[in-house]
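**Student:** My questions all concern the structure below.
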Amino acid sequence: MKSRRSLWTSSAGSIAVSVFIGLGTILLLTALFSALTYTLLESLDFAPAFSVISLAAGGYFSGYICGKHRRTKGLINGIICGFMIYAVIFIAGAAVISSAVPLKKLLLLITVGGAGGVYGVNSKRPPYLRE
């Protein structure tokens with residue numbers, strides 16, 4: 001009986017799944033902060049801070065998931081995850097509002113993605129992950 005290869009052995013597949021999880025995190029936090037702003041704050045004063053927090057958490061989580069499961073090249077894979085999240089946001093922004101996404105967001109995403117990847121590689125190995 002042949003053993004099945006893990007999704008995490010494929011570099012492209014693991015990055016795609018990690019980016020999808022990171023984008024989901026960004027969307028979830030954005031919705032949470034929107035509800036918080038609408039119900040409690042009733043002012044858009046904190047919207048830029050909430051945007052940065054959402055992006056940073058999504059980029060970090062994406063790099064962390066990829067690093068934790070790939071167990072190698074955490075910095076590079078985290079940077080790639082951050083760049084791919086930026087690319088998705090850039091394409092969506094260009095399609096919806098026809099304007100460029102600032103490069104500050106790219107720097108934020110690759111920085112926190114790389115940090116998440118490094119932390120993920122150096123964290124404890126998941127018990128269900130077998131080579």
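Residue numbering restarts at 1 for every chain of the structure tokens, chains are lettered A, B, ... in their displayed order, and ligands are numbered from 1 as they appear.
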Which of chain A counts as helix (DSSP H, G or I) under DSSP, as a ChimeraX atom specification please?
**Tutor:** /A:7-9,11-41,47-70,74-96,103-121
**Student:** Identify, on the basis of only C-alpha atoms, every residue whose closest approach to Ile85 (chain A) does not exceed 9 Å; exclude the query and any residue fewer than 4 positions from it along the same chain; express the result as number ranges by chain.
**Tutor:** A: 19-20, 22-23, 58-59, 62, 80-81, 89-90, 106, 109
**Student:** Using only C-alpha atoms, which residues sit within 9 Å of region 10-16 of chain A once same-chain residues fewer than 3 positions away are excluded, as a list in words?
**Tutor:**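 Once the nearby chain positions are removed, what remains is Arg5, Ser6, Leu7, Val19, Phe20, Ile21, Ser62, Gly63, Ile65, Cys66, His69, Arg70, Asn77, Gly78, Ile80, Cys81 and Met84 of chain A.
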**Student:** Counting only C-alpha atoms, which residue out of A:Ala57, A:Lys68, A:Ser34, A:Thr25 sits closest to Pro127 (chain A)?
**Tutor:**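 Smallest separation from Pro127 (chain A) among the options: A:Lys68.
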**Student:** What is the distance between CA of Ile91 (chain A) and CA of Leu32 (chain A), in Å to one decimal?
**Tutor:**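 These two atoms are separated by 23.4 Å.
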**Student:** Skip Ala47 (chain A) itself and residues of its chain fewer than 2 positions away, then list as a list of chain:residue names all residues within 10 Å of it, counting only C-alpha atoms.
**Tutor:**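 That gives A:Thr30, A:Phe33, A:Ser34, A:Thr37, A:Ser43, A:Leu44, A:Asp45, A:Ala49, A:Phe50, A:Ser51, A:Val52, A:Ile53.
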**Student:** Keeping C-alpha atoms, export the residues of the selection given above as a compact mmCIF listing (two decimals), in the first residue's frame.
**Tutor:**
# COMPACT_ATOMS: atom_id res chain seq x y z
CA THR A 30 -12.05 43.21 9.25
CA PHE A 33 -13.59 45.46 13.65
CA SER A 34 -16.36 46.78 11.40
CA THR A 37 -16.84 50.31 15.02
CA SER A 43 -16.66 56.85 14.57
CA LEU A 44 -14.09 55.97 11.93
CA ASP A 45 -11.17 57.36 13.92
CA ALA A 49 -5.34 51.16 13.02
CA PHE A 50 -7.86 48.35 12.62
CA SER A 51 -6.78 47.93 9.00
CA VAL A 52 -3.12 47.59 9.98
CA ILE A 53 -3.95 45.14 12.76
**Student:** Measure the distance from CA of Ala95 (chain A) to CA of Glu42 (chain A) in Å and round it to one decimal.
**Tutor:**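 Computing the Euclidean distance for CA of Ala95 (chain A) and CA of Glu42 (chain A) yields 29.0 Å.
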**Student:** Hey, what's within 12 Å of Lys104 (chain A) if we count only C-alpha atoms and toss same-chain stuff fewer than 6 positions away? As a PyMOL selection string, please?
**Tutor:** chain A and resi 52+55-56+86+110-111
**Student:** One decimal, Å: what's the distance from CA of Arg71 (chain A) over to CA of Gly120 (chain A), could you say?
**Tutor:**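 Straight-line distance from CA of Arg71 (chain A) to CA of Gly120 (chain A) works out to 7.6 Å.
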